[in-house]
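Trainee: The structure under discussion is supplied below as structure tokens; questions concerning it will follow.
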Amino acid sequence: MFVVQPGRADVLEDLAARVQVLEDREEIRALIMAYGEAHDARDYRSFAALFAREGEWVGGLGSAKGPEAIFKLMDETIGHDPQPGGSGTYHVLTNDQIAVDGDRASATTKWIYVTPGGDGSPKWVMLGHYVDEFIRENGVWKFLRREATADIVASN
Amino acid sequence: MFVVQPGRADVLEDLAARVQVLEDREEIRALIMAYGEAHDARDYRSFAALFAREGEWVGGLGSAKGPEAIFKLMDETIGHDPQPGGSGTYHVLTNDQIAVDGDRASATTKWIYVTPGGDGSPKWVMLGHYVDEFIRENGVWKFLRREATADIVASN
Amino acid sequence: MFVVQPGRADVLEDLAARVQVLEDREEIRALIMAYGEAHDARDYRSFAALFAREGEWVGGLGSAKGPEAIFKLMDETIGHDPQPGGSGTYHVLTNDQIAVDGDRASATTKWIYVTPGGDGSPKWVMLGHYVDEFIRENGVWKFLRREATADIVASN
């Protein structure tokens, strides 16, 4: 029979907690990508569902709190018009810096907004960043607050 | 002597399975990057070796199944011409969304194809995405199917 | 009483080592992002603190060894001028390929240097890559050597 050293169970608990943080970071990365995908597909029902009950969106189009208000803001400004194959605009998402703290997390990331340019080649229209707060709600990571700031944007 | 609670061994098994998924996702990320590296180095032997025995490549240059056929397609269209320091073209790879399911996995990612432009600065020639299926073959993750789609491309 | 199979403790040790590698890769990703953040904020005190005691920076501006010499090089060429909100230039960082080996690690990544262009839209000024060596120093991952190479750069 194998004798487990005292403290071995604690080691297992600690290890499980560390694995949880690694998984949480990956789930938050997936959430950030799901946002970009829903945005580019003009699917603002899926987009709004990524926010917590008290989740806020703040950006150039205004601000809104809660999934229904966020849906309404996006529908009225951009237009809910789901196109599973994509709408022709693209969010390139990079530079993730994510910090997990239990059932809360925060992040900054960069976004690059791309559309077809005059000659058909990709036009880099804007570069900006997101500042995010996340919450684990019913076991699922959601945006608690997402602030989208445009850092470089064409003047016309 | 320390007494392990009933079920502790199962906890360890479960934890090991979760760690495996985290490692798998990182190995798949590395595979996606190795593809870009081999492509940019015009090293189509290394490129073809990233595909499973039954692996398929589908894209603007045609389609091929199996490493030898994929090598041949790339050699005949682009040209096998290994340049370890790079050939002067670049695949910027972003927005990975990877789902692992045992010895299979799937992913979508974005690719940006960059070359030197007229004034020497980077020219963003194309933006597209990959839809991938992966298989663990002899313990190593390989492409089972990679479909490359150009979403924005200059008309001339 | 639950009986642990012989070898179970070894399984736990092995698992802990695998989790450590996953954490190390994430810490190195965070280090790479912290470098870009400090650079864009012109905060060369924070920038220099990311290097090990014997850490080297090698690039187009010259080369330097040790945090103080690296700070001096950056201050004399670009200018230490901390702007927490950013200085108006951006490092987009992608394509990480990181290999961890105990308390050492190595990586290649791509960087894209972006500034506002003539019409205010993002101008992709340069594309390059980093070749990195890392060391764990007092429990913290630091750059042991970072070489920055510009691969595509405007001639004027």
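Ordering of the structure tokens sets the chain letters (A, B, ...), residue numbers begin anew at 1 in every chain, and ligands are numbered from 1 in the order given.
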Can you pull out the residues contacting Asn138 (chain C)? Cut-off 12 Å, using only C-alpha atoms, and skip same-chain residues under 2 positions away; I want them as number ranges by chain.

Mentor: C: 52-53, 103, 135-136, 140-142

Trainee: Could you write those residues out with all heavy atoms, as a PDB file, in the first residue's frame?

Mentor:
ATOM      1  N   ALA C  52      16.867  40.883 -17.307  1.00  0.00           N
ATOM      2  CA  ALA C  52      17.656  40.275 -16.234  1.00  0.00           C
ATOM      3  C   ALA C  52      18.905  41.111 -15.963  1.00  0.00           C
ATOM      4  O   ALA C  52      19.264  41.981 -16.750  1.00  0.00           O
ATOM      5  CB  ALA C  52      18.055  38.848 -16.638  1.00  0.00           C
ATOM      6  N   ARG C  53      19.546  40.818 -14.838  1.00  0.00           N
ATOM      7  CA  ARG C  53      20.783  41.545 -14.487  1.00  0.00           C
ATOM      8  C   ARG C  53      21.780  41.538 -15.633  1.00  0.00           C
ATOM      9  O   ARG C  53      22.449  42.528 -15.897  1.00  0.00           O
ATOM     10  CB  ARG C  53      21.436  40.892 -13.260  1.00  0.00           C
ATOM     11  CG  ARG C  53      20.813  41.277 -11.937  1.00  0.00           C
ATOM     12  CD  ARG C  53      21.628  40.726 -10.777  1.00  0.00           C
ATOM     13  NE  ARG C  53      21.748  39.278 -10.825  1.00  0.00           N
ATOM     14  CZ  ARG C  53      20.867  38.419 -10.289  1.00  0.00           C
ATOM     15  NH1 ARG C  53      19.813  38.875  -9.624  1.00  0.00           N
ATOM     16  NH2 ARG C  53      21.054  37.121 -10.392  1.00  0.00           N
ATOM     17  N   ASP C 103      14.310  26.743 -16.119  1.00  0.00           N
ATOM     18  CA  ASP C 103      14.380  28.166 -15.787  1.00  0.00           C
ATOM     19  C   ASP C 103      14.874  29.015 -16.949  1.00  0.00           C
ATOM     20  O   ASP C 103      15.223  30.185 -16.774  1.00  0.00           O
ATOM     21  CB  ASP C 103      15.306  28.370 -14.576  1.00  0.00           C
ATOM     22  CG  ASP C 103      14.693  27.813 -13.303  1.00  0.00           C
ATOM     23  OD1 ASP C 103      13.451  27.834 -13.188  1.00  0.00           O
ATOM     24  OD2 ASP C 103      15.455  27.340 -12.434  1.00  0.00           O
ATOM     25  N   ILE C 135      15.164  34.150 -18.842  1.00  0.00           N
ATOM     26  CA  ILE C 135      15.665  33.456 -17.656  1.00  0.00           C
ATOM     27  C   ILE C 135      14.724  33.752 -16.490  1.00  0.00           C
ATOM     28  O   ILE C 135      14.184  34.857 -16.381  1.00  0.00           O
ATOM     29  CB  ILE C 135      17.111  33.884 -17.318  1.00  0.00           C
ATOM     30  CG1 ILE C 135      17.684  33.015 -16.204  1.00  0.00           C
ATOM     31  CG2 ILE C 135      17.194  35.362 -16.965  1.00  0.00           C
ATOM     32  CD1 ILE C 135      19.192  33.187 -16.021  1.00  0.00           C
ATOM     33  N   ARG C 136      14.526  32.736 -15.630  1.00  0.00           N
ATOM     34  CA  ARG C 136      13.751  32.946 -14.411  1.00  0.00           C
ATOM     35  C   ARG C 136      14.737  33.421 -13.351  1.00  0.00           C
ATOM     36  O   ARG C 136      15.648  32.692 -12.955  1.00  0.00           O
ATOM     37  CB  ARG C 136      13.086  31.653 -13.973  1.00  0.00           C
ATOM     38  CG  ARG C 136      12.017  31.837 -12.898  1.00  0.00           C
ATOM     39  CD  ARG C 136      11.644  30.523 -12.198  1.00  0.00           C
ATOM     40  NE  ARG C 136      11.497  29.410 -13.091  1.00  0.00           N
ATOM     41  CZ  ARG C 136      10.326  28.967 -13.560  1.00  0.00           C
ATOM     42  NH1 ARG C 136       9.212  29.539 -13.212  1.00  0.00           N
ATOM     43  NH2 ARG C 136      10.279  27.924 -14.374  1.00  0.00           N
ATOM     44  N   VAL C 140      11.064  35.255 -11.162  1.00  0.00           N
ATOM     45  CA  VAL C 140      10.342  36.076 -12.138  1.00  0.00           C
ATOM     46  C   VAL C 140      11.016  35.940 -13.508  1.00  0.00           C
ATOM     47  O   VAL C 140      12.234  36.032 -13.614  1.00  0.00           O
ATOM     48  CB  VAL C 140      10.346  37.562 -11.703  1.00  0.00           C
ATOM     49  CG1 VAL C 140       9.624  38.435 -12.733  1.00  0.00           C
ATOM     50  CG2 VAL C 140       9.702  37.716 -10.327  1.00  0.00           C
ATOM     51  N   TRP C 141      10.206  35.736 -14.555  1.00  0.00           N
ATOM     52  CA  TRP C 141      10.753  35.638 -15.906  1.00  0.00           C
ATOM     53  C   TRP C 141      11.213  37.002 -16.404  1.00  0.00           C
ATOM     54  O   TRP C 141      10.487  37.987 -16.281  1.00  0.00           O
ATOM     55  CB  TRP C 141       9.724  35.049 -16.871  1.00  0.00           C
ATOM     56  CG  TRP C 141       9.548  33.574 -16.703  1.00  0.00           C
ATOM     57  CD1 TRP C 141       8.546  32.937 -16.027  1.00  0.00           C
ATOM     58  CD2 TRP C 141      10.422  32.549 -17.194  1.00  0.00           C
ATOM     59  NE1 TRP C 141       8.746  31.572 -16.080  1.00  0.00           N
ATOM     60  CE2 TRP C 141       9.887  31.311 -16.785  1.00  0.00           C
ATOM     61  CE3 TRP C 141      11.607  32.559 -17.943  1.00  0.00           C
ATOM     62  CZ2 TRP C 141      10.491  30.095 -17.104  1.00  0.00           C
ATOM     63  CZ3 TRP C 141      12.209  31.354 -18.256  1.00  0.00           C
ATOM     64  CH2 TRP C 141      11.649  30.137 -17.838  1.00  0.00           C
ATOM     65  N   LYS C 142      12.419  37.036 -16.948  1.00  0.00           N
ATOM     66  CA  LYS C 142      13.005  38.276 -17.478  1.00  0.00           C
ATOM     67  C   LYS C 142      13.623  37.988 -18.845  1.00  0.00           C
ATOM     68  O   LYS C 142      13.965  36.839 -19.152  1.00  0.00           O
ATOM     69  CB  LYS C 142      14.130  38.763 -16.542  1.00  0.00           C
ATOM     70  CG  LYS C 142      13.694  39.016 -15.099  1.00  0.00           C
ATOM     71  CD  LYS C 142      13.359  40.456 -14.863  1.00  0.00           C
ATOM     72  CE  LYS C 142      12.989  40.695 -13.403  1.00  0.00           C
ATOM     73  NZ  LYS C 142      12.819  42.117 -13.114  1.00  0.00           N
TER      74      LYS C 142
END

Trainee: Tell me the residues of chain B close to chain A, meaning within 7 Å using only C-alpha atoms, as a PyMOL selection string.

Mentor: chain B and resi 1-2+15+19+94-95+97+124-127+152-155

Trainee: Determine which residues of chain A receive a DSSP assignment of strand (DSSP E), computed from the backbone, and state them as a ChimeraX atom specification.

Mentor: /A:51-59,62-65,90-101,104-116,122-137,140-153

Trainee: So the first atom is CA of Gly79 (chain B) and the second is CA of Val131 (chain B); what is the distance between them in Å, to one decimal place?

Mentor: 23.9 Å

Trainee: Using only C-alpha atoms, which residues sit within 9 Å of Ala49 (chain B) once same-chain residues fewer than 4 positions away are excluded, as an MDAnalysis selection string?

Mentor: chainID B and resid 44:45 67:68 71 142

Trainee: From region 28-156 of chain B, collect each residue whose DSSP state is helix (DSSP H, G or I) and return the set as a ChimeraX atom specification.

Mentor: /B:28-40,44-48,67-77

Trainee: Between C:Ala69, C:Val100, C:Ala105, C:Val58, which is the closest to Ala148 (chain C) once you count only C-alpha atoms?

Mentor: C:Val58

Trainee: Quick one: distance from CA of Gly66 (chain B) to CA of Ile78 (chain B) in Å, one decimal?

Mentor: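 So the answer is 17.8 Å.
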
Trainee: Might you pull out every residue within 12 Å of Arg104 (chain C), with only C-alpha atoms counted and same-chain residues fewer than 5 positions away left off, and present them as a PyMOL selection string?

Mentor: chain C and resi 21+24-25+28+52+98-99+132-137+139-145

Trainee: To one decimal in Å, tell me the separation between CA of Glu76 (chain B) and CA of Gly59 (chain B).

Mentor: 14.4 Å
